[in-house]
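Undergrad: Got a structure here, written out as structure tokens. Questions coming.
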Amino acid sequence: MPTQSPSPHLPFGENKNAAWYGKDIISVKQFSRADLEYVFGVAHEMRGMVERVGTFDLLKGKILANLFYEPSTRTSSSFTAAMERLGGSVIPINEVKYSSVSKGESLPDTIRTLECYADVIVLRHPETGSAAIAAKAARKPVINAGDGVGEHPTQALLDTFTIFEELGAGQVDGMTVTMLGDLKYGRTVHSLARLLSLFKVRLNYVSPDILKMPKEVMDEVAEKGIPQAEFSKLEDVLPESDVLYVTRVQKERFEDPADYEKVKNSFVVDTEIMKTAKKEMIVMHPLPRVTEISMDFDDDPRAAYFRQMEYGLYVRMALLAMVLGKA
Ligand code: NCD
């Protein structure tokens with residue numbers, strides 16, 4: 001007897017012809033607007049399934065290797081939760097000091113090892129370009145969960161899904177998005193600026209002088225015809241912003257700790273400054289936050305950063321199902 005599918009759009013059979021089957025997810029540059037609509041459609045269905053049945057067997061028998069060479073709370077646990085909600089299981093490697101990496105094993109060798117045991121590998125690594133190196137070594141799909149100051153594509157996808165869900169998909173064209181904080185080392189904003197350039201948005205960058213958005217990212221965004229402007233004061237752009245995307249100053253990436261001390265408290269979003277913002281807008285943050293958003297703002301309905309984490313679960317479920325040929 002054929003097993004019944006949990007949803008007509010989430011078939012049990014592996015579809016080797018599906019567009020994302022077996023693909024790596026390394027950069028947001030791989031996604032078109034049509035791809036986003038597809039990912040978000042699947043994420044939407046995942047949300048419905050989690051709400052209705054909690055856990056289901058779409059990826060039963062599949063194994064994810066979750067390989068983290070840098071600290072993580074949300075990305076690591078949401079990929080684990082995503083795999084388990086889909087009925088699959090996880091090999092967690094968070095403490096690389098207890099793995100053969102501490103014996104000097106290279107990244108390609110570690111990847112080749114893990115793919116003997118797992119069907120998909122999620123990788124976070126301190127070096128830019130490491131996810132591409134891993135993907136080259138692997139036969140199984142590799143998902144980039146942050147490569148140094150490079151990219152964090154699954155975060156940018158969940159950030160864009162958050163904007164769609166909170167403000168309406170039809171509202172994205174014409175929106176003003178302001179990115180605040182450490183735009184130099186923050187990989188989430190590097191990916192998000194690139195991904196949002198698929199839409200007719202206006203991008204504002206507010207940062208200390210030494211933490212500006214890299215020229216390479218700005219050039220790519222400019223090529224898409226997206227207006228971008230840099231500011232040093234949030235006050236100058238907050239009233240016009242539909243999305244305020246706040247980031248942490250990335251302490252661990254500074255060469256000179258004295259530089260970090262100079263800029264660590266440059267911006268604080270609090271209830272007072274938010275009086276000048278629109279009523280219909282959202283404040284986002286990839287988290288963890290340090291001091292850049294005051295906790296007294298958390299109860300404001302515009303504070304979307306906790307809801308943003310939940311959207312991440314559904315997007316990561318969608319991505320895992322896609323690369324494993326089940327969506
Ligand atoms: C971000 C990261 O690791 O780049 N966190 C996350 O994945 N949610 C942001 C950060 O560490 O500041």
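Lettering and numbering for the structure tokens are positional, with chains as A, B, ... in the shown order, residues counted from 1 in each chain, and ligands counted from 1 in the shown order.
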Could you pull the residues within 10 Å of segment 168-171 of chain A, counting only C-alpha atoms, minus those fewer than 4 positions along the same chain, as a PyMOL selection string?

TA: chain A and resi 37+160-164+175+201+242

Undergrad: Would you pick out the contacts of segment 213-216 of chain A at 8 Å or less, using only C-alpha atoms, so that residues sharing its chain but fewer than 5 positions from it are not included, and give the list as a list in words?

TA: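 Using only C-alpha atoms, the neighbours found are Leu183, Lys184, His190 and Tyr205 of chain A.
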
Undergrad: Distance limit 6 Å, reference ligand 1, atoms considered: only C-alpha atoms and all ligand atoms. Which residues make the cut? Give them as a list in words.

TA: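 Those residues are Arg74, Thr75, Arg187, Thr188, Arg248, Pro286, Leu287 and Pro288 of chain A.
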
Undergrad: Near segment 115-123 of chain A, within 6 Å and counting only C-alpha atoms, which residues show up once chain neighbours fewer than 5 positions away are dropped, as a PDB file with N, CA and C atoms, in the first residue's frame?

TA:
ATOM      1  N   ILE A  63      19.670  11.837   7.609  1.00  0.00           N
ATOM      2  CA  ILE A  63      20.547  12.301   8.699  1.00  0.00           C
ATOM      3  C   ILE A  63      21.248  13.596   8.293  1.00  0.00           C
ATOM      4  N   LEU A  64      21.228  14.544   9.207  1.00  0.00           N
ATOM      5  CA  LEU A  64      21.909  15.828   9.019  1.00  0.00           C
ATOM      6  C   LEU A  64      23.157  15.864   9.895  1.00  0.00           C
ATOM      7  N   ALA A  65      24.298  16.235   9.325  1.00  0.00           N
ATOM      8  CA  ALA A  65      25.491  16.509  10.142  1.00  0.00           C
ATOM      9  C   ALA A  65      25.549  18.019  10.353  1.00  0.00           C
ATOM     10  N   ASN A  66      25.503  18.436  11.600  1.00  0.00           N
ATOM     11  CA  ASN A  66      25.452  19.858  11.962  1.00  0.00           C
ATOM     12  C   ASN A  66      26.838  20.230  12.484  1.00  0.00           C
ATOM     13  N   LEU A  67      27.671  20.785  11.617  1.00  0.00           N
ATOM     14  CA  LEU A  67      29.096  20.971  11.935  1.00  0.00           C
ATOM     15  C   LEU A  67      29.388  22.442  12.207  1.00  0.00           C
ATOM     16  N   PHE A  68      29.633  22.775  13.463  1.00  0.00           N
ATOM     17  CA  PHE A  68      29.794  24.178  13.866  1.00  0.00           C
ATOM     18  C   PHE A  68      31.174  24.431  14.455  1.00  0.00           C
ATOM     19  N   LYS A 140      27.470  15.226  -1.139  1.00  0.00           N
ATOM     20  CA  LYS A 140      26.158  15.513  -0.541  1.00  0.00           C
ATOM     21  C   LYS A 140      25.978  17.030  -0.421  1.00  0.00           C
ATOM     22  N   PRO A 141      24.733  17.499  -0.302  1.00  0.00           N
ATOM     23  CA  PRO A 141      24.518  18.947  -0.198  1.00  0.00           C
ATOM     24  C   PRO A 141      25.128  19.560   1.072  1.00  0.00           C
ATOM     25  N   VAL A 142      25.765  20.717   0.873  1.00  0.00           N
ATOM     26  CA  VAL A 142      26.324  21.488   1.995  1.00  0.00           C
ATOM     27  C   VAL A 142      25.529  22.783   2.107  1.00  0.00           C
ATOM     28  N   ILE A 143      25.102  23.106   3.312  1.00  0.00           N
ATOM     29  CA  ILE A 143      24.372  24.361   3.546  1.00  0.00           C
ATOM     30  C   ILE A 143      25.254  25.271   4.395  1.00  0.00           C
ATOM     31  N   ASN A 144      25.498  26.476   3.884  1.00  0.00           N
ATOM     32  CA  ASN A 144      26.340  27.451   4.577  1.00  0.00           C
ATOM     33  C   ASN A 144      25.557  28.096   5.729  1.00  0.00           C
ATOM     34  N   ALA A 145      26.026  27.859   6.950  1.00  0.00           N
ATOM     35  CA  ALA A 145      25.364  28.459   8.125  1.00  0.00           C
ATOM     36  C   ALA A 145      26.211  29.606   8.664  1.00  0.00           C
TER      37      ALA A 145
END

Undergrad: Mind checking which residues fall within 8 Å of segment 17-21 of chain A, counting only C-alpha atoms, ignoring those fewer than 4 positions away in the same chain, and posting them as a list in words?

TA: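 Contacts, with the query itself left out: Met322, Val323, Leu324, Gly325 and Ala327 of chain A.
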
Undergrad: For the residues selected in the previous step, produce a file with all heavy atoms as a compact mmCIF listing (two decimals), in the first residue's frame.

TA:
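Saved result, again15.txt, follows:
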# COMPACT_ATOMS: atom_id res chain seq x y z
N MET A 322 13.93 20.65 0.48
CA MET A 322 14.25 20.94 -0.93
C MET A 322 15.52 20.23 -1.39
O MET A 322 15.54 19.57 -2.43
CB MET A 322 14.39 22.44 -1.14
CG MET A 322 13.06 23.17 -1.18
SD MET A 322 13.25 24.96 -0.93
CE MET A 322 14.42 25.40 -2.18
N VAL A 323 16.60 20.36 -0.61
CA VAL A 323 17.87 19.77 -1.08
C VAL A 323 17.85 18.24 -0.99
O VAL A 323 18.66 17.58 -1.63
CB VAL A 323 19.13 20.36 -0.38
CG1 VAL A 323 19.22 21.85 -0.61
CG2 VAL A 323 19.18 20.01 1.10
N LEU A 324 16.93 17.71 -0.20
CA LEU A 324 16.82 16.25 -0.10
C LEU A 324 15.73 15.71 -1.03
O LEU A 324 15.36 14.53 -0.96
CB LEU A 324 16.59 15.83 1.36
CG LEU A 324 17.84 16.08 2.24
CD1 LEU A 324 17.52 15.89 3.73
CD2 LEU A 324 19.01 15.18 1.85
N GLY A 325 15.21 16.56 -1.90
CA GLY A 325 14.27 16.11 -2.94
C GLY A 325 12.89 15.75 -2.42
O GLY A 325 12.19 14.94 -3.02
N ALA A 327 10.59 18.28 -1.52
CA ALA A 327 9.68 19.42 -1.65
C ALA A 327 9.75 19.92 -3.08
O ALA A 327 10.78 19.85 -3.71
CB ALA A 327 10.09 20.54 -0.71

Undergrad: Could you work out how far atom CA of Ser72 of chain A lies from atom CA of His44 of chain A, giving the answer in Å with one decimal?

TA: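 Here the two named atoms are 25.0 Å from each other.
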
Undergrad: Determine which residues of segment 71-296 of chain A receive a DSSP assignment of alpha helix (DSSP H), computed from the backbone, and state them as a VMD selection string.

TA: chain A and resid 74 to 85 107 to 117 130 to 137 153 to 167 187 to 196 215 to 223 257 to 263

Undergrad: What residues in segment 135-294 of chain A get the DSSP label strand (DSSP E)? Please answer as a list in words.

TA: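 Answer for segment 135-294 of chain A, restricted to strand (DSSP E): Val142, Ile143, Asn144, Ala145, Gly146, Asp147, Thr176, Val177, Thr178, Met179, Leu180, Arg202, Leu203, Asn204, Tyr205, Val206, Gln228, Ala229, Glu230, Phe231, Val243, Leu244, Tyr245, Val246, Ile282, Val283 and Met284 of chain A.
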
Undergrad: How would the residues just picked look written out with C-alpha atoms as a PDB file, in the first residue's frame?

TA:
ATOM      1  CA  VAL A 142      26.324  21.488   1.995  1.00  0.00           C
ATOM      2  CA  ILE A 143      24.372  24.361   3.546  1.00  0.00           C
ATOM      3  CA  ASN A 144      26.340  27.451   4.577  1.00  0.00           C
ATOM      4  CA  ALA A 145      25.364  28.459   8.125  1.00  0.00           C
ATOM      5  CA  GLY A 146      27.839  31.364   8.158  1.00  0.00           C
ATOM      6  CA  ASP A 147      31.351  31.510   6.667  1.00  0.00           C
ATOM      7  CA  THR A 176      12.991  51.411   2.784  1.00  0.00           C
ATOM      8  CA  VAL A 177      15.230  49.076   4.764  1.00  0.00           C
ATOM      9  CA  THR A 178      17.767  50.542   7.195  1.00  0.00           C
ATOM     10  CA  MET A 179      20.664  48.376   8.363  1.00  0.00           C
ATOM     11  CA  LEU A 180      22.329  49.501  11.581  1.00  0.00           C
ATOM     12  CA  ARG A 202      15.919  51.547  -0.898  1.00  0.00           C
ATOM     13  CA  LEU A 203      18.781  50.592   1.431  1.00  0.00           C
ATOM     14  CA  ASN A 204      20.175  52.831   4.167  1.00  0.00           C
ATOM     15  CA  TYR A 205      23.339  51.882   6.017  1.00  0.00           C
ATOM     16  CA  VAL A 206      23.974  53.411   9.452  1.00  0.00           C
ATOM     17  CA  GLN A 228      21.887  52.954  -1.263  1.00  0.00           C
ATOM     18  CA  ALA A 229      22.977  55.668   1.155  1.00  0.00           C
ATOM     19  CA  GLU A 230      25.326  55.735   4.150  1.00  0.00           C
ATOM     20  CA  PHE A 231      24.678  57.629   7.376  1.00  0.00           C
ATOM     21  CA  VAL A 243      12.390  47.828   8.383  1.00  0.00           C
ATOM     22  CA  LEU A 244      15.155  48.613  10.864  1.00  0.00           C
ATOM     23  CA  TYR A 245      17.649  45.718  10.834  1.00  0.00           C
ATOM     24  CA  VAL A 246      19.914  45.994  13.876  1.00  0.00           C
ATOM     25  CA  ILE A 282       9.354  46.322  12.146  1.00  0.00           C
ATOM     26  CA  VAL A 283      12.622  46.137  14.050  1.00  0.00           C
ATOM     27  CA  MET A 284      14.641  43.008  13.258  1.00  0.00           C
TER      28      MET A 284
END

Undergrad: What lies within 10 Å of Lys251 of chain A using only C-alpha atoms, ignoring chain neighbours under 2 positions off, as a list of chain:residue names?

TA: A:Asp182, A:Tyr185, A:Arg248, A:Val249, A:Arg253, A:Phe254, A:Glu255, A:Asp256, A:Pro257, A:Asp259, A:Tyr260, A:Glu261, A:Val263, A:Lys264

Undergrad: Keeping only N, CA and C atoms, write the selected residues to a file as a JSON list (two decimals), in the first residue's frame.

TA:
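File produced: part-v1.json:
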[["chain", "number", "residue", "atom", "x", "y", "z"],
["A", 182, "ASP", "N", 27.16, 46.92, 12.91],
["A", 182, "ASP", "CA", 28.44, 46.46, 12.36],
["A", 182, "ASP", "C", 28.20, 45.91, 10.95],
["A", 185, "TYR", "N", 31.67, 43.64, 9.49],
["A", 185, "TYR", "CA", 31.90, 42.24, 9.84],
["A", 185, "TYR", "C", 30.62, 41.41, 9.88],
["A", 248, "ARG", "N", 24.68, 43.33, 15.95],
["A", 248, "ARG", "CA", 25.65, 43.37, 17.04],
["A", 248, "ARG", "C", 27.02, 43.76, 16.48],
["A", 249, "VAL", "N", 27.77, 44.53, 17.27],
["A", 249, "VAL", "CA", 29.17, 44.77, 16.87],
["A", 249, "VAL", "C", 29.93, 43.47, 17.13],
["A", 253, "ARG", "N", 35.67, 39.62, 15.76],
["A", 253, "ARG", "CA", 36.32, 39.81, 14.45],
["A", 253, "ARG", "C", 37.32, 40.97, 14.45],
["A", 254, "PHE", "N", 37.40, 41.72, 15.56],
["A", 254, "PHE", "CA", 38.30, 42.89, 15.59],
["A", 254, "PHE", "C", 39.75, 42.46, 15.79],
["A", 255, "GLU", "N", 40.64, 43.07, 15.00],
["A", 255, "GLU", "CA", 42.06, 42.78, 15.18],
["A", 255, "GLU", "C", 42.58, 43.48, 16.44],
["A", 256, "ASP", "N", 42.10, 44.71, 16.68],
["A", 256, "ASP", "CA", 42.56, 45.48, 17.83],
["A", 256, "ASP", "C", 41.39, 45.68, 18.81],
["A", 257, "PRO", "N", 41.47, 45.07, 20.01],
["A", 257, "PRO", "CA", 40.37, 45.19, 20.97],
["A", 257, "PRO", "C", 40.04, 46.65, 21.33],
["A", 259, "ASP", "N", 39.82, 49.09, 19.30],
["A", 259, "ASP", "CA", 38.86, 49.58, 18.30],
["A", 259, "ASP", "C", 37.44, 49.16, 18.67],
["A", 260, "TYR", "N", 37.32, 47.92, 19.16],
["A", 260, "TYR", "CA", 36.00, 47.43, 19.59],
["A", 260, "TYR", "C", 35.46, 48.31, 20.72],
["A", 261, "GLU", "N", 36.33, 48.61, 21.68],
["A", 261, "GLU", "CA", 35.91, 49.43, 22.83],
["A", 261, "GLU", "C", 35.37, 50.77, 22.36],
["A", 263, "VAL", "N", 33.80, 51.56, 19.60],
["A", 263, "VAL", "CA", 32.54, 51.56, 18.82],
["A", 263, "VAL", "C", 31.44, 50.69, 19.43],
["A", 264, "LYS", "N", 31.74, 49.96, 20.50],
["A", 264, "LYS", "CA", 30.79, 48.93, 20.95],
["A", 264, "LYS", "C", 29.43, 49.49, 21.34]]

Undergrad: Would you pick out the contacts of segment 87-89 of chain A at 6 Å or less, using only C-alpha atoms, so that residues sharing its chain but fewer than 6 positions from it are not included, and give the list as a ChimeraX atom specification?

TA: /A:56-57,59-63
